[in-house]
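Printed here is data28.txt (compact mmCIF, C-alpha atoms):
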```txt
# COMPACT_ATOMS: atom_id res chain seq x y z
CA MET A 1 0.00 0.00 0.00
CA LEU A 2 2.80 2.38 0.87
CA GLY A 3 5.13 1.62 -1.97
CA SER A 4 8.87 1.33 -1.51
CA HIS A 5 11.84 3.55 -0.81
CA PRO A 6 10.27 6.78 0.42
CA ALA A 7 12.77 9.59 0.77
CA PRO A 8 14.56 9.43 4.13
CA TYR A 9 13.17 12.81 5.17
CA GLU A 10 9.51 11.92 4.55
CA ARG A 11 7.62 12.34 7.80
CA VAL A 12 4.41 13.38 9.45
CA TYR A 13 3.91 16.38 11.73
CA VAL A 14 1.34 15.92 14.50
CA PHE A 15 -0.58 18.88 15.99
CA HIS A 16 -2.81 18.48 19.04
CA GLY A 17 -5.43 21.14 19.74
CA SER A 18 -7.73 21.06 22.74
CA ALA A 19 -10.38 18.99 20.92
CA CYS A 20 -8.80 17.96 17.62
CA THR A 21 -5.68 16.47 16.12
CA GLN A 22 -4.21 17.42 12.76
CA LEU A 23 -1.55 15.63 10.72
CA LEU A 24 0.51 17.01 7.86
CA GLY A 25 2.95 14.87 5.94
CA ALA A 26 3.85 12.67 3.01
CA ASP A 27 0.82 11.20 1.25
CA ARG A 28 1.76 7.57 1.84
CA LEU A 29 2.34 8.10 5.56
CA VAL A 30 -0.83 10.11 6.14
CA THR A 31 -2.75 7.44 4.21
CA ALA A 32 -1.34 4.81 6.57
CA VAL A 33 -2.57 6.83 9.58
CA GLN A 34 -5.94 7.24 7.93
CA LYS A 35 -6.18 3.45 7.55
CA LEU A 36 -5.36 2.86 11.23
CA LEU A 37 -7.97 5.39 12.36
CA ALA A 38 -10.61 3.96 10.03
CA ALA A 39 -9.92 0.46 11.39
CA ALA A 40 -10.53 1.84 14.89
CA GLY A 41 -13.91 3.28 13.89
CA VAL A 42 -12.79 6.89 13.41
CA ASP A 43 -13.88 8.83 10.35
CA PRO A 44 -10.83 10.92 9.43
CA HIS A 45 -11.36 13.71 6.96
CA VAL A 46 -9.18 16.09 5.02
CA SER A 47 -10.82 19.39 5.92
CA PRO A 48 -8.38 21.41 8.04
CA ALA A 49 -8.91 21.45 11.78
CA VAL A 50 -10.15 24.65 13.40
CA HIS A 51 -7.76 25.46 16.23
CA THR A 52 -10.15 27.59 18.24
CA ASP A 53 -7.61 28.18 21.01
CA ILE A 54 -5.74 30.64 18.79
CA ALA A 55 -7.99 31.24 15.77
CA ALA A 56 -9.57 34.31 17.35
CA ARG A 57 -6.21 35.83 18.32
CA PRO A 58 -4.82 38.38 15.87
CA TYR A 59 -1.20 38.17 14.75
CA THR A 60 -0.54 41.54 16.37
CA ASN A 61 -2.38 43.33 19.12
CA GLU A 62 -3.27 46.06 16.63
CA ALA A 63 -4.66 43.75 13.93
CA LEU A 64 -8.42 43.67 13.42
CA GLN A 65 -8.66 40.55 11.27
CA ASP A 66 -11.14 37.86 12.20
CA PRO A 67 -9.35 34.71 10.94
CA LEU A 68 -12.64 32.91 10.25
CA LEU A 69 -14.77 35.70 8.79
CA ASP A 70 -11.99 37.27 6.73
CA ALA A 71 -10.64 34.02 5.31
CA PRO A 72 -11.11 33.49 1.55
CA ALA A 73 -14.02 31.24 0.60
CA GLY A 74 -12.90 27.69 1.23
CA TRP A 75 -9.47 28.96 2.26
CA LEU A 76 -7.96 27.37 -0.84
CA ARG A 77 -4.29 26.65 -0.32
CA SER A 78 -2.14 27.48 -3.29
CA HIS A 79 1.21 26.08 -2.15
CA THR A 80 1.41 22.68 -0.48
CA SER A 81 3.84 19.78 -0.36
CA VAL A 82 2.00 17.69 2.22
CA MET A 83 -1.29 15.88 2.71
CA GLU A 84 -3.59 16.98 5.57
CA LEU A 85 -5.77 14.87 7.86
CA SER A 86 -7.92 16.08 10.76
CA VAL A 87 -9.90 14.25 13.41
CA GLN A 88 -12.05 15.56 16.23
CA LEU A 89 -10.00 13.77 18.89
CA PRO A 90 -7.88 15.28 21.67
CA MET A 91 -4.35 13.99 22.14
CA GLN A 92 -4.91 10.94 24.37
CA SER A 93 -7.97 9.79 22.45
CA PHE A 94 -6.06 10.08 19.18
CA TRP A 95 -3.21 7.84 20.35
CA ASP A 96 -5.68 5.38 21.89
CA ARG A 97 -7.40 5.08 18.50
CA ILE A 98 -4.06 4.61 16.74
CA SER A 99 -3.29 1.75 19.13
CA ALA A 100 -6.73 0.25 18.56
CA GLY A 101 -6.24 0.49 14.81
CA SER A 102 -2.93 -1.35 15.11
CA TRP A 103 -4.72 -4.23 16.83
CA ALA A 104 -7.58 -4.14 14.31
CA THR A 105 -5.16 -4.51 11.39
CA TRP A 106 -3.02 -7.15 13.09
CA SER A 107 -4.23 -9.88 10.75
CA GLU A 108 -2.40 -8.17 7.89
CA LYS A 109 0.90 -8.77 9.68
CA TRP A 110 0.63 -12.56 10.04
CA PRO A 111 3.99 -14.02 9.09
CA ALA A 112 4.74 -15.91 5.94
CA PRO A 113 5.29 -18.81 6.37
CA VAL A 114 2.62 -19.16 9.01
CA ASP A 115 5.04 -20.84 11.42
CA GLY A 116 7.32 -17.80 11.41
CA PRO A 117 7.76 -15.47 14.40
CA LEU A 118 4.70 -13.43 15.30
CA PHE A 119 4.99 -10.14 17.15
CA PRO A 120 2.16 -8.43 19.05
CA PRO A 121 0.70 -5.34 17.37
CA SER A 122 2.06 -1.92 18.15
CA SER A 123 1.68 1.54 16.71
CA PRO A 124 4.24 2.22 13.95
CA GLU A 125 7.37 3.77 15.41
CA TRP A 126 7.70 6.25 12.56
CA LEU A 127 4.40 7.69 13.86
CA THR A 128 4.97 7.47 17.62
CA ARG A 129 8.36 9.12 17.17
CA ALA A 130 7.05 11.76 14.79
CA PRO A 131 7.50 15.39 15.85
CA ARG A 132 4.40 16.61 17.66
CA TRP A 133 3.16 19.87 19.10
CA GLU A 134 0.42 21.00 21.47
CA LEU A 135 -1.47 24.24 21.07
CA ASP A 136 -0.96 26.32 24.22
CA PRO A 137 -3.13 29.46 24.15
CA LEU A 138 -1.05 30.93 26.98
CA ALA A 139 2.44 30.10 25.66
CA PRO A 140 4.74 33.09 26.23
CA ALA A 141 5.65 34.98 23.07
CA LEU A 142 9.12 36.43 22.55
CA GLY A 143 8.39 39.04 19.92
CA PRO A 144 5.61 41.39 18.81
CA ALA A 145 2.89 38.80 18.12
CA ALA A 146 0.18 37.86 20.62
CA PRO A 147 0.78 35.09 23.20
CA GLY A 148 -0.37 31.56 22.45
CA GLY A 149 1.35 29.13 20.11
CA TRP A 150 2.66 25.66 19.39
CA VAL A 151 4.93 24.03 21.98
CA TRP A 152 6.64 20.67 21.91
CA SER A 153 4.58 17.74 23.15
CA PRO A 154 6.20 14.80 24.97
CA ARG A 155 6.38 11.72 22.81
CA ASP A 156 7.55 8.13 22.98
CA GLY A 157 11.27 7.51 22.83
CA GLY A 158 12.78 10.79 23.98
CA GLY A 159 12.72 14.53 23.86
CA PRO A 160 11.74 17.01 21.15
CA ASP A 161 14.17 15.94 18.45
CA GLY A 162 11.54 14.51 16.11
CA GLU A 163 14.05 12.23 14.45
CA VAL A 164 13.37 8.64 13.46
CA GLU A 165 16.39 6.58 14.32
CA ARG A 166 17.98 4.63 11.50
CA GLY A 167 18.54 0.90 11.61
CA GLU A 168 15.50 0.14 13.78
CA GLU A 169 13.17 -2.61 12.62
CA SER A 170 10.15 -0.30 12.78
CA SER A 171 11.47 2.38 10.45
CA LEU A 172 9.37 4.17 7.88
CA PRO A 173 7.27 1.82 5.71
CA GLY A 174 9.34 0.50 2.82
CA GLU A 175 12.39 2.55 3.81
CA PRO A 176 15.82 1.04 3.06
CA SER A 177 18.09 0.29 5.98
CA ALA A 178 20.79 2.69 7.14
CA GLU A 179 23.36 0.61 5.29
CA GLN A 180 21.38 0.86 2.06
CA GLY A 181 21.10 4.60 2.47
CA GLU A 182 24.85 4.92 2.94
CA THR A 183 26.02 2.49 0.29
CA GLY A 184 23.15 2.21 -2.12
CA GLY A 185 23.21 5.71 -3.51
CA GLY A 186 20.10 6.83 -1.60
CA SER A 187 19.58 10.47 -0.74
CA GLN A 188 20.85 11.50 2.66
CA SER A 189 18.41 12.67 5.28
CA LEU A 190 18.21 16.45 5.24
CA PRO A 191 17.41 18.69 8.21
CA TRP A 192 13.69 19.36 8.04
CA VAL A 193 11.59 22.46 8.58
CA GLY A 194 7.82 22.89 8.21
CA LEU A 195 6.25 26.18 7.12
CA PHE A 196 2.52 25.83 7.81
CA GLN A 197 -0.42 28.22 7.84
CA LEU A 198 -2.27 26.64 10.75
CA THR A 199 -4.35 29.20 12.61
CA ASP A 200 -5.09 32.29 10.51
CA VAL A 201 -4.67 33.80 7.06
CA GLU A 202 -2.15 36.51 7.84
CA SER A 203 0.62 34.48 9.49
CA PHE A 204 2.38 31.13 9.28
CA TRP A 205 4.29 28.91 11.69
CA VAL A 206 7.84 27.58 11.48
CA LEU A 207 8.15 24.09 13.01
CA SER A 208 11.32 22.09 13.58
CA THR A 209 13.57 20.96 16.41
CA PRO A 210 14.60 23.63 18.95
CA ASP A 211 18.18 23.68 17.65
CA ARG A 212 17.03 24.19 14.07
CA LEU A 213 14.58 26.87 15.13
CA ASP A 214 17.54 28.73 16.61
CA GLN A 215 19.18 28.51 13.18
CA VAL A 216 16.00 29.84 11.55
CA VAL A 217 15.99 32.77 14.00
CA ALA A 218 19.52 33.66 12.91
CA LEU A 219 18.50 33.38 9.25
CA CYS A 220 15.48 35.63 9.80
CA GLU A 221 17.69 38.22 11.47
CA ARG A 222 19.82 38.31 8.33
CA LEU A 223 16.78 38.49 6.06
CA SER A 224 15.33 41.36 8.09
CA SER A 225 18.02 43.65 6.71
CA THR A 226 16.31 43.54 3.32
CA HIS A 227 12.73 42.62 4.31
CA SER A 228 11.31 44.49 7.29
CA ALA A 229 8.47 41.98 7.82
CA PHE A 230 11.01 39.56 9.31
CA THR A 231 11.35 41.90 12.30
CA TRP A 232 7.92 40.61 13.37
CA LEU A 233 9.43 37.20 14.11
CA THR A 234 7.95 35.76 17.32
CA GLY A 235 8.99 32.63 19.22
CA TYR A 236 6.85 30.51 21.56
CA PHE A 237 8.19 28.63 24.57
CA ASP A 238 6.94 25.96 26.95
CA ALA A 239 7.21 25.92 30.74
CA GLN A 240 10.81 24.66 30.47
CA ASP A 241 11.74 27.54 28.14
CA ILE A 242 12.11 25.17 25.18
CA LEU A 243 11.46 26.92 21.89
CA GLY A 244 8.56 25.15 20.19
CA SER A 245 7.64 27.27 17.18
CA LEU A 246 8.12 30.55 15.37
CA ARG A 247 5.46 32.81 13.84
CA LEU A 248 5.89 35.25 10.97
CA PRO A 249 3.71 37.38 8.71
CA MET A 250 2.53 35.48 5.65
CA GLU A 251 4.45 37.74 3.28
CA CYS A 252 7.70 36.24 4.62
CA ALA A 253 6.82 32.67 3.65
CA PRO A 254 8.11 32.51 0.03
CA GLU A 255 11.40 34.23 0.87
CA LEU A 256 12.01 32.04 3.92
CA GLU A 257 11.20 28.89 1.95
CA PHE A 258 13.72 29.89 -0.72
CA ALA A 259 16.43 30.75 1.82
CA LEU A 260 15.96 27.48 3.73
CA THR A 261 16.00 25.41 0.55
CA GLU A 262 19.16 27.17 -0.60
CA GLY A 263 20.64 26.43 2.83
CA GLY A 264 20.17 22.67 2.41
CA TYR A 265 16.97 22.11 4.39
CA ALA A 266 14.11 19.81 3.44
CA VAL A 267 11.21 22.27 3.55
CA ASP A 268 7.58 21.14 3.88
CA VAL A 269 4.97 23.80 3.11
CA TRP A 270 1.22 24.20 3.55
CA TRP A 271 -0.39 27.54 2.83
```
Give the structure from the file, written as structure tokens.
Amino acid sequence: MLGSHPAPYERVYVFHGSACTQLLGADRLVTAVQKLLAAAGVDPHVSPAVHTDIAARPYTNEALQDPLLDAPAGWLRSHTSVMELSVQLPMQSFWDRISAGSWATWSEKWPAPVDGPLFPPSSPEWLTRAPRWELDPLAPALGPAAPGGWVWSPRDGGGPDGEVERGEESSLPGEPSAEQGETGGGSQSLPWVGLFQLTDVESFWVLSTPDRLDQVVALCERLSSTHSAFTWLTGYFDAQDILGSLRLPMECAPELEFALTEGGYAVDVWW
């Protein structure tokens, strides 16, 4: 179903709102999540989630935009590299349904031959170790934008690095082993950054690991010398002062995408 040899940097991004969960990522991986949810009795759909915790907050204290009323009809997105999936499930319910879907599809994993080793079902590690964020409407903002933003959410297998470890038996579906990637001419895994328009029509969010977000901050400082909109850069932190996301005016998105791509990043976009 998933094909073979996805690029090493293909991934899903997981966003937990107060009453919904949203995934963005490679088509084949999002389709796999959709199958697990459907097997668990959930009806996933592809209409974007409404993150009400922040949707009513303007990008700046002076802005008058109502993100819902002022949005274009249908909010048609003109520049995307990912597939979107939304479900009306809070964080714990979402992961419970993923686990239930793994059990419901267990029969597809019976070994061949039938007397081969059989392992109990578990959620795919490429999903449980995927980078994930929670929407905190009170997250402190370092910059001119209003408080409230995306902060790192604890996940299985470690801190907020969002990296899938190579060489593990539960790697991405159809992905070659680390040895194949090193010796078989496969593309190397690139540092990833997501640029996603998640909560309103006048701004977008920059999502990556905290270390990479620091690099993006430095890049935006350089870009601000020729594009004043980059001075509106705002960072959002959790209770441990870990940087979870950045927010910028929408007009910065194309220039930042170009600069990151030129800098050797794998850039995922959705706006």
* To do: Dump as a PyMOL selection string all residues having an atom at most 8 Å from (3.3, 29.1, 9.3), computed in the file's coordinates with all atoms listed in the file.
  => chain A and resi 194-198+203-207+246-248+250+253+270-271
Residues from last step as file, C-alpha atoms, as an mmCIF file, in the coordinates of the input:
```cif
data_model
loop_
_atom_site.group_PDB
_atom_site.id
_atom_site.type_symbol
_atom_site.label_atom_id
_atom_site.label_comp_id
_atom_site.auth_asym_id
_atom_site.auth_seq_id
_atom_site.Cartn_x
_atom_site.Cartn_y
_atom_site.Cartn_z
ATOM 1 C CA GLY A 194 7.820 22.890 8.210
ATOM 2 C CA LEU A 195 6.250 26.180 7.120
ATOM 3 C CA PHE A 196 2.520 25.830 7.810
ATOM 4 C CA GLN A 197 -0.420 28.220 7.840
ATOM 5 C CA LEU A 198 -2.270 26.640 10.750
ATOM 6 C CA SER A 203 0.620 34.480 9.490
ATOM 7 C CA PHE A 204 2.380 31.130 9.280
ATOM 8 C CA TRP A 205 4.290 28.910 11.690
ATOM 9 C CA VAL A 206 7.840 27.580 11.480
ATOM 10 C CA LEU A 207 8.150 24.090 13.010
ATOM 11 C CA LEU A 246 8.120 30.550 15.370
ATOM 12 C CA ARG A 247 5.460 32.810 13.840
ATOM 13 C CA LEU A 248 5.890 35.250 10.970
ATOM 14 C CA MET A 250 2.530 35.480 5.650
ATOM 15 C CA ALA A 253 6.820 32.670 3.650
ATOM 16 C CA TRP A 270 1.220 24.200 3.550
ATOM 17 C CA TRP A 271 -0.390 27.540 2.830
#
```
* So which one's closest to Asp136 (chain A), A:Asp96, A:Glu202, A:Asp214, A:Asp238? Using all atoms listed in the file, please. ->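 Of all the options, A:Asp238 lies closest to Asp136 (chain A).
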* Asked: With only C-alpha atoms as the basis for distance, which of A:Ala139, A:Leu89, A:Ala229, A:Ile242 is at the shortest distance from Val42 (chain A)?
  ->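 That would be A:Leu89, the residue with the smallest distance to Val42 (chain A).
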* Asked: Please, which residues are within 12 Å of (-0.8, 14.0, 4.8) by the file's coordinates, counting only C-alpha atoms, and could they come as a ChimeraX atom specification?
  -> /A:10-14,22-34,44-48,80-86,268-270
* Asked: Skipping near chain neighbours, those fewer than 6 positions away, what residues fall within 10 Å of Leu256 (chain A) using only C-alpha atoms, listed as number ranges by chain?
  -> A: 195, 206, 216, 219-220, 223, 230, 248, 262, 267
* Interatomic distance (Å, one decimal) between CA of Pro249 (chain A) and CA of Trp232 (chain A) ->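 One can read the CA of Pro249 (chain A) to CA of Trp232 (chain A) distance as 7.1 Å.
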* For Pro210 (chain A), work out the shell of residues within 12 Å, counting all atoms listed in the file and skipping chain neighbours fewer than 3 positions away, then give it as an NGL selection string. => :A and (131 or 151-152 or 159-162 or 192-193 or 206-207 or 213-217 or 235-238 or 241-246)
* **Distance in Å - CA of Ser99 (chain A) versus CA of Ser153 (chain A)** =>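 Between CA of Ser99 (chain A) and CA of Ser153 (chain A) the gap works out to 18.3 Å.
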* **d(CA of Ser122 (chain A), CA of Gly41 (chain A)) in Å** =>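 Between CA of Ser122 (chain A) and CA of Gly41 (chain A) the gap is 17.3 Å.
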